[in-house]
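Participant: Please read through the structure below; I'll follow up with questions.
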Amino acid sequence: MDPTPPPPTLRFITGDNAGHMVMVEKERVVLGRNDTADVTVADVKTSREHAAISRRDGAWWVEDLKSRNGTLLNGNALVAPAQLRSGDRIKIGLIELEFDIIAAPAEGTRLTAIEGPLAPAELAIASTLAVIGRGPSTIDVGADAAASEHAQIRLREGAWRLRPCDSDCP
């Protein structure tokens, strides 16, 4: 029996919570500035109940809840519910969030260090998201040249993606 996949995530790209990540753990999650919203967004341009993310027929969807300023999906106005994919950007008011569907990596997935103080070494990757750096990072490379959160490796839609960390790695 396959384990239940982890819930999708929403990562704040802009605003006071930039870099913060929340799990979409319910079948329907309301985004808005109201305290009763499942994901509270502190932004005057965001409606009290601005948008909703819901699971239907095995897929995740986003819809605008008749908000005053509308909802954007990947820069386009949302005029009807739309199916979400990993990496989609949702903008409500002045706040942009990134939706991500997390899939578990195959058992035995490894990252191979070919240069640096750990080379040659194979490092197990047990999660779909790992931060590479030094100190308390998920994958500690121990190099003085590396920042504490130097890069991020993430499994998205069956492919591993590497990106540098600026100020927004979890």
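Just remember, in the structure tokens the first chain shown is A, the second B, etc., residues are 1-based per chain, and ligands are 1-based in the order shown.
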What are the closest atom pairs, with distances in Å to one decimal, for all residues of segment 56-167 of chain A lying within 10 Å of segment 20-40 of chain A? Consider only C-alpha atoms, order rows by chain and residue number, and present the result as JSON lines.
Facilitator:
```
{"residue": "A:Arg56", "atom": "CA", "partner": "A:Glu27", "partner_atom": "CA", "distance": 8.2}
{"residue": "A:Trp60", "atom": "CA", "partner": "A:Glu27", "partner_atom": "CA", "distance": 8.9}
{"residue": "A:Trp61", "atom": "CA", "partner": "A:Arg28", "partner_atom": "CA", "distance": 9.3}
{"residue": "A:Val62", "atom": "CA", "partner": "A:Val29", "partner_atom": "CA", "distance": 9.5}
{"residue": "A:Glu63", "atom": "CA", "partner": "A:Val30", "partner_atom": "CA", "distance": 9.7}
{"residue": "A:Asp64", "atom": "CA", "partner": "A:Leu31", "partner_atom": "CA", "distance": 9.6}
{"residue": "A:Leu65", "atom": "CA", "partner": "A:Val30", "partner_atom": "CA", "distance": 8.9}
{"residue": "A:Ser67", "atom": "CA", "partner": "A:Gly32", "partner_atom": "CA", "distance": 9.4}
{"residue": "A:Ile92", "atom": "CA", "partner": "A:Gly32", "partner_atom": "CA", "distance": 8.2}
{"residue": "A:Gly93", "atom": "CA", "partner": "A:Gly32", "partner_atom": "CA", "distance": 9.3}
{"residue": "A:Leu97", "atom": "CA", "partner": "A:Met21", "partner_atom": "CA", "distance": 9.1}
{"residue": "A:Glu98", "atom": "CA", "partner": "A:Met21", "partner_atom": "CA", "distance": 9.2}
{"residue": "A:Phe99", "atom": "CA", "partner": "A:Val24", "partner_atom": "CA", "distance": 9.3}
{"residue": "A:Asp100", "atom": "CA", "partner": "A:Met23", "partner_atom": "CA", "distance": 9.5}
{"residue": "A:Ile101", "atom": "CA", "partner": "A:Val24", "partner_atom": "CA", "distance": 9.6}
```
Participant: Would you mind reading off the distance between atom CA of Gly108 of chain A and atom CA of Ala126 of chain A, one decimal, in Å?
Facilitator: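 One can read the atom CA of Gly108 of chain A to atom CA of Ala126 of chain A distance as 8.0 Å.
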Participant: In terms of the shortest atom-to-atom distance over only C-alpha atoms, which of A:Arg134, A:Ile53, A:Glu96, A:Arg85 is closest to Glu149 of chain A?
Facilitator: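 Of A:Arg134, A:Ile53, A:Glu96, A:Arg85, the one nearest Glu149 of chain A is A:Arg134, counting only C-alpha atoms.
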Participant: For a test of reading the model, state the distance in Å between atom CA of Glu107 of chain A and atom CA of Ser127 of chain A, rounded to one decimal.
Facilitator: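 Value for the atom CA of Glu107 of chain A-atom CA of Ser127 of chain A distance: 10.0 Å.
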Participant: Write out as a list in words which residues come within 9 Å of Leu111 of chain A when counting only C-alpha atoms, dropping same-chain ones fewer than 4 positions away.
Facilitator: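 Counting only the stated atoms, we get Ala121, Glu122, Leu123, Ala124 and Ile125 of chain A.
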Participant: Residues of segment 87-145 of chain A within 6 Å of segment 72-77 of chain A: nearest atom pair and distance (Å, one decimal) for each, counting only C-alpha atoms, sorted by chain and number, as JSON lines?
Facilitator:
```
{"residue": "A:Arg89", "atom": "CA", "partner": "A:Asn74", "partner_atom": "CA", "distance": 4.9}
{"residue": "A:Ile90", "atom": "CA", "partner": "A:Leu73", "partner_atom": "CA", "distance": 4.7}
{"residue": "A:Lys91", "atom": "CA", "partner": "A:Leu72", "partner_atom": "CA", "distance": 4.9}
```
Participant: Restricting the output to N, CA and C atoms, write the selected residues as a PDB file, in the first residue's frame.
Facilitator:
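As written to disk, result-v4.pdb reads:
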```
ATOM      1  N   ARG A  89       1.914  30.340  -9.689  1.00  0.00           N
ATOM      2  CA  ARG A  89       1.947  31.524  -8.830  1.00  0.00           C
ATOM      3  C   ARG A  89       0.541  32.098  -8.726  1.00  0.00           C
ATOM      4  N   ILE A  90       0.094  32.307  -7.499  1.00  0.00           N
ATOM      5  CA  ILE A  90      -1.222  32.874  -7.207  1.00  0.00           C
ATOM      6  C   ILE A  90      -0.984  34.241  -6.574  1.00  0.00           C
ATOM      7  N   LYS A  91      -1.648  35.276  -7.120  1.00  0.00           N
ATOM      8  CA  LYS A  91      -1.506  36.614  -6.545  1.00  0.00           C
ATOM      9  C   LYS A  91      -2.862  37.084  -6.071  1.00  0.00           C
TER      10      LYS A  91
END
```
Participant: DSSP on the backbone: what in chain A comes out strand (DSSP E or B), as a CSV table (one decimal) with N, CA and C atoms, in the first residue's frame?
Facilitator:
```csv
chain,number,residue,atom,x,y,z
A,9,THR,N,1.9,22.6,-0.8
A,9,THR,CA,2.3,23.7,0.0
A,9,THR,C,2.0,25.0,-0.7
A,10,LEU,N,1.9,26.1,0.1
A,10,LEU,CA,1.8,27.5,-0.5
A,10,LEU,C,3.0,28.2,0.2
A,11,ARG,N,3.9,28.8,-0.6
A,11,ARG,CA,5.0,29.5,-0.1
A,11,ARG,C,4.8,31.0,-0.5
A,12,PHE,N,4.9,31.9,0.5
A,12,PHE,CA,4.7,33.3,0.3
A,12,PHE,C,6.0,33.8,-0.4
A,21,MET,N,6.2,29.1,4.5
A,21,MET,CA,5.4,28.0,3.8
A,21,MET,C,4.3,27.5,4.7
A,22,VAL,N,3.1,27.3,4.1
A,22,VAL,CA,2.0,26.6,4.8
A,22,VAL,C,1.6,25.4,4.0
A,23,MET,N,1.1,24.4,4.8
A,23,MET,CA,0.6,23.2,4.1
A,23,MET,C,-0.9,23.3,3.8
A,28,ARG,N,-10.5,22.0,1.3
A,28,ARG,CA,-10.8,23.4,0.8
A,28,ARG,C,-10.1,24.4,1.8
A,29,VAL,N,-9.3,25.3,1.2
A,29,VAL,CA,-8.6,26.2,2.0
A,29,VAL,C,-8.9,27.6,1.5
A,30,VAL,N,-9.4,28.5,2.4
A,30,VAL,CA,-9.7,29.9,2.0
A,30,VAL,C,-8.5,30.8,2.4
A,31,LEU,N,-8.2,31.6,1.4
A,31,LEU,CA,-7.1,32.6,1.6
A,31,LEU,C,-7.8,34.0,1.7
A,32,GLY,N,-7.4,34.8,2.7
A,32,GLY,CA,-7.9,36.1,2.8
A,32,GLY,C,-7.3,36.8,4.0
A,39,VAL,N,-5.8,30.5,5.5
A,39,VAL,CA,-4.4,31.2,5.3
A,39,VAL,C,-4.7,32.7,5.4
A,40,THR,N,-4.2,33.3,6.5
A,40,THR,CA,-4.5,34.7,6.7
A,40,THR,C,-3.4,35.5,6.0
A,51,ALA,N,-9.8,34.1,-2.1
A,51,ALA,CA,-9.7,33.0,-3.0
A,51,ALA,C,-9.7,31.7,-2.2
A,52,ALA,N,-10.0,30.6,-2.9
A,52,ALA,CA,-10.0,29.3,-2.3
A,52,ALA,C,-9.2,28.3,-3.1
A,53,ILE,N,-8.6,27.4,-2.5
A,53,ILE,CA,-7.9,26.3,-3.1
A,53,ILE,C,-8.6,25.0,-2.6
A,54,SER,N,-9.0,24.2,-3.6
A,54,SER,CA,-9.8,23.0,-3.2
A,54,SER,C,-9.4,21.8,-4.0
A,55,ARG,N,-9.6,20.6,-3.5
A,55,ARG,CA,-9.3,19.4,-4.2
A,55,ARG,C,-10.6,18.8,-4.7
A,56,ARG,N,-10.6,18.5,-6.0
A,56,ARG,CA,-11.7,17.9,-6.7
A,56,ARG,C,-11.2,16.9,-7.7
A,59,ALA,N,-7.5,16.4,-8.3
A,59,ALA,CA,-6.7,17.6,-8.7
A,59,ALA,C,-7.0,18.8,-7.8
A,60,TRP,N,-6.0,19.7,-7.8
A,60,TRP,CA,-6.2,20.9,-7.0
A,60,TRP,C,-6.6,22.1,-7.9
A,61,TRP,N,-7.5,22.9,-7.4
A,61,TRP,CA,-8.1,24.0,-8.1
A,61,TRP,C,-8.0,25.3,-7.3
A,62,VAL,N,-7.9,26.4,-8.0
A,62,VAL,CA,-8.0,27.7,-7.3
A,62,VAL,C,-9.2,28.5,-8.0
A,63,GLU,N,-9.8,29.2,-7.1
A,63,GLU,CA,-10.9,30.1,-7.6
A,63,GLU,C,-11.0,31.4,-6.8
A,64,ASP,N,-11.4,32.4,-7.5
A,64,ASP,CA,-11.6,33.7,-6.9
A,64,ASP,C,-12.9,33.7,-6.2
A,71,THR,N,-8.0,37.8,-8.5
A,71,THR,CA,-7.0,36.9,-8.3
A,71,THR,C,-6.2,36.6,-9.6
A,72,LEU,N,-4.9,36.6,-9.5
A,72,LEU,CA,-4.1,36.3,-10.7
A,72,LEU,C,-3.5,34.9,-10.6
A,73,LEU,N,-3.5,34.1,-11.6
A,73,LEU,CA,-2.8,32.8,-11.7
A,73,LEU,C,-1.7,32.9,-12.8
A,76,ASN,N,-2.1,36.0,-15.0
A,76,ASN,CA,-3.4,36.1,-15.7
A,76,ASN,C,-4.6,36.2,-14.8
A,77,ALA,N,-5.5,37.1,-15.1
A,77,ALA,CA,-6.7,37.2,-14.3
A,77,ALA,C,-7.5,35.9,-14.3
A,82,ALA,N,-9.5,27.3,-11.9
A,82,ALA,CA,-8.5,26.8,-12.7
A,82,ALA,C,-7.7,25.7,-12.0
A,83,GLN,N,-7.3,24.7,-12.7
A,83,GLN,CA,-6.5,23.6,-12.1
A,83,GLN,C,-5.1,24.1,-11.8
A,89,ARG,N,1.9,30.3,-9.7
A,89,ARG,CA,1.9,31.5,-8.8
A,89,ARG,C,0.5,32.1,-8.7
A,90,ILE,N,0.1,32.3,-7.5
A,90,ILE,CA,-1.2,32.9,-7.2
A,90,ILE,C,-1.0,34.2,-6.6
A,91,LYS,N,-1.6,35.3,-7.1
A,91,LYS,CA,-1.5,36.6,-6.5
A,91,LYS,C,-2.9,37.1,-6.1
A,92,ILE,N,-2.9,37.4,-4.8
A,92,ILE,CA,-4.1,38.0,-4.2
A,92,ILE,C,-3.7,39.3,-3.6
A,95,ILE,N,0.0,40.3,-2.6
A,95,ILE,CA,0.7,39.1,-2.1
A,95,ILE,C,0.8,38.0,-3.2
A,96,GLU,N,2.0,37.5,-3.4
A,96,GLU,CA,2.1,36.4,-4.4
A,96,GLU,C,2.6,35.2,-3.6
A,97,LEU,N,1.9,34.0,-4.0
A,97,LEU,CA,2.2,32.7,-3.3
A,97,LEU,C,2.5,31.7,-4.4
A,98,GLU,N,3.4,30.7,-4.1
A,98,GLU,CA,3.7,29.7,-5.0
A,98,GLU,C,3.1,28.4,-4.5
A,99,PHE,N,2.3,27.7,-5.4
A,99,PHE,CA,1.7,26.4,-5.1
A,99,PHE,C,2.6,25.3,-5.4
A,100,ASP,N,2.8,24.3,-4.6
A,100,ASP,CA,3.7,23.2,-4.9
A,100,ASP,C,3.1,21.9,-4.5
A,110,ARG,N,19.8,9.6,-4.0
A,110,ARG,CA,21.1,10.1,-3.4
A,110,ARG,C,21.6,11.3,-4.2
A,111,LEU,N,22.3,12.2,-3.5
A,111,LEU,CA,23.0,13.3,-4.1
A,111,LEU,C,24.5,13.0,-4.1
A,112,THR,N,25.2,13.1,-5.2
A,112,THR,CA,26.6,12.8,-5.2
A,112,THR,C,27.4,14.0,-5.2
A,113,ALA,N,28.3,14.1,-4.2
A,113,ALA,CA,29.3,15.2,-4.1
A,113,ALA,C,30.5,14.8,-4.9
A,121,ALA,N,31.4,11.5,-2.1
A,121,ALA,CA,30.4,11.0,-1.2
A,121,ALA,C,29.0,10.9,-1.8
A,122,GLU,N,28.2,10.0,-1.3
A,122,GLU,CA,26.8,10.0,-1.7
A,122,GLU,C,25.9,10.3,-0.5
A,123,LEU,N,25.1,11.3,-0.6
A,123,LEU,CA,24.3,11.7,0.5
A,123,LEU,C,22.8,11.4,0.2
A,124,ALA,N,22.2,10.7,1.2
A,124,ALA,CA,20.8,10.3,1.0
A,124,ALA,C,19.9,11.5,1.0
A,129,LEU,N,12.4,18.2,-0.6
A,129,LEU,CA,12.9,19.5,-0.5
A,129,LEU,C,14.1,19.4,0.5
A,130,ALA,N,15.3,19.8,0.0
A,130,ALA,CA,16.5,19.8,0.9
A,130,ALA,C,17.2,21.1,0.7
A,131,VAL,N,17.8,21.7,1.7
A,131,VAL,CA,18.6,22.8,1.7
A,131,VAL,C,20.0,22.4,1.8
A,132,ILE,N,20.9,22.9,0.9
A,132,ILE,CA,22.3,22.5,0.9
A,132,ILE,C,23.1,23.7,1.5
A,133,GLY,N,23.9,23.5,2.4
A,133,GLY,CA,24.7,24.6,3.0
A,133,GLY,C,25.7,24.0,4.1
A,139,ILE,N,21.3,19.2,4.2
A,139,ILE,CA,22.5,18.6,3.7
A,139,ILE,C,23.7,19.5,4.0
A,140,ASP,N,24.5,19.1,5.0
A,140,ASP,CA,25.6,19.9,5.5
A,140,ASP,C,26.9,19.6,4.7
A,151,ALA,N,21.9,26.6,-1.3
A,151,ALA,CA,21.1,26.2,-2.4
A,151,ALA,C,20.0,25.3,-2.0
A,152,GLN,N,19.0,25.1,-2.8
A,152,GLN,CA,17.9,24.3,-2.5
A,152,GLN,C,17.7,23.3,-3.7
A,153,ILE,N,17.5,22.0,-3.3
A,153,ILE,CA,17.1,21.0,-4.3
A,153,ILE,C,15.7,20.5,-4.0
A,154,ARG,N,14.9,20.5,-5.0
A,154,ARG,CA,13.5,20.2,-4.9
A,154,ARG,C,13.0,19.2,-6.0
A,155,LEU,N,12.2,18.2,-5.6
A,155,LEU,CA,11.6,17.3,-6.6
A,155,LEU,C,10.3,17.9,-6.9
A,156,ARG,N,10.1,18.2,-8.2
A,156,ARG,CA,8.9,18.8,-8.7
A,156,ARG,C,8.5,18.2,-10.0
A,159,ALA,N,11.1,15.7,-11.6
A,159,ALA,CA,12.5,16.2,-11.9
A,159,ALA,C,13.0,16.9,-10.7
A,160,TRP,N,14.3,16.8,-10.4
A,160,TRP,CA,15.0,17.5,-9.4
A,160,TRP,C,15.4,18.9,-9.9
A,161,ARG,N,15.2,19.9,-9.2
A,161,ARG,CA,15.5,21.3,-9.6
A,161,ARG,C,16.4,21.9,-8.5
A,162,LEU,N,17.5,22.5,-8.9
A,162,LEU,CA,18.4,23.2,-8.0
A,162,LEU,C,18.3,24.7,-8.3
A,163,ARG,N,18.2,25.4,-7.2
A,163,ARG,CA,18.2,26.9,-7.3
A,163,ARG,C,19.0,27.5,-6.1
A,164,PRO,N,19.7,28.6,-6.4
A,164,PRO,CA,20.4,29.2,-5.3
A,164,PRO,C,19.5,29.8,-4.3
```
Participant: So, with only C-alpha atoms as the atoms that count, which of A:Gly19, A:Gly70, A:Pro120, A:Pro8 lies closest to Glu49 of chain A?
Facilitator: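 Of A:Gly19, A:Gly70, A:Pro120, A:Pro8, the one nearest Glu49 of chain A is A:Gly70, counting only C-alpha atoms.
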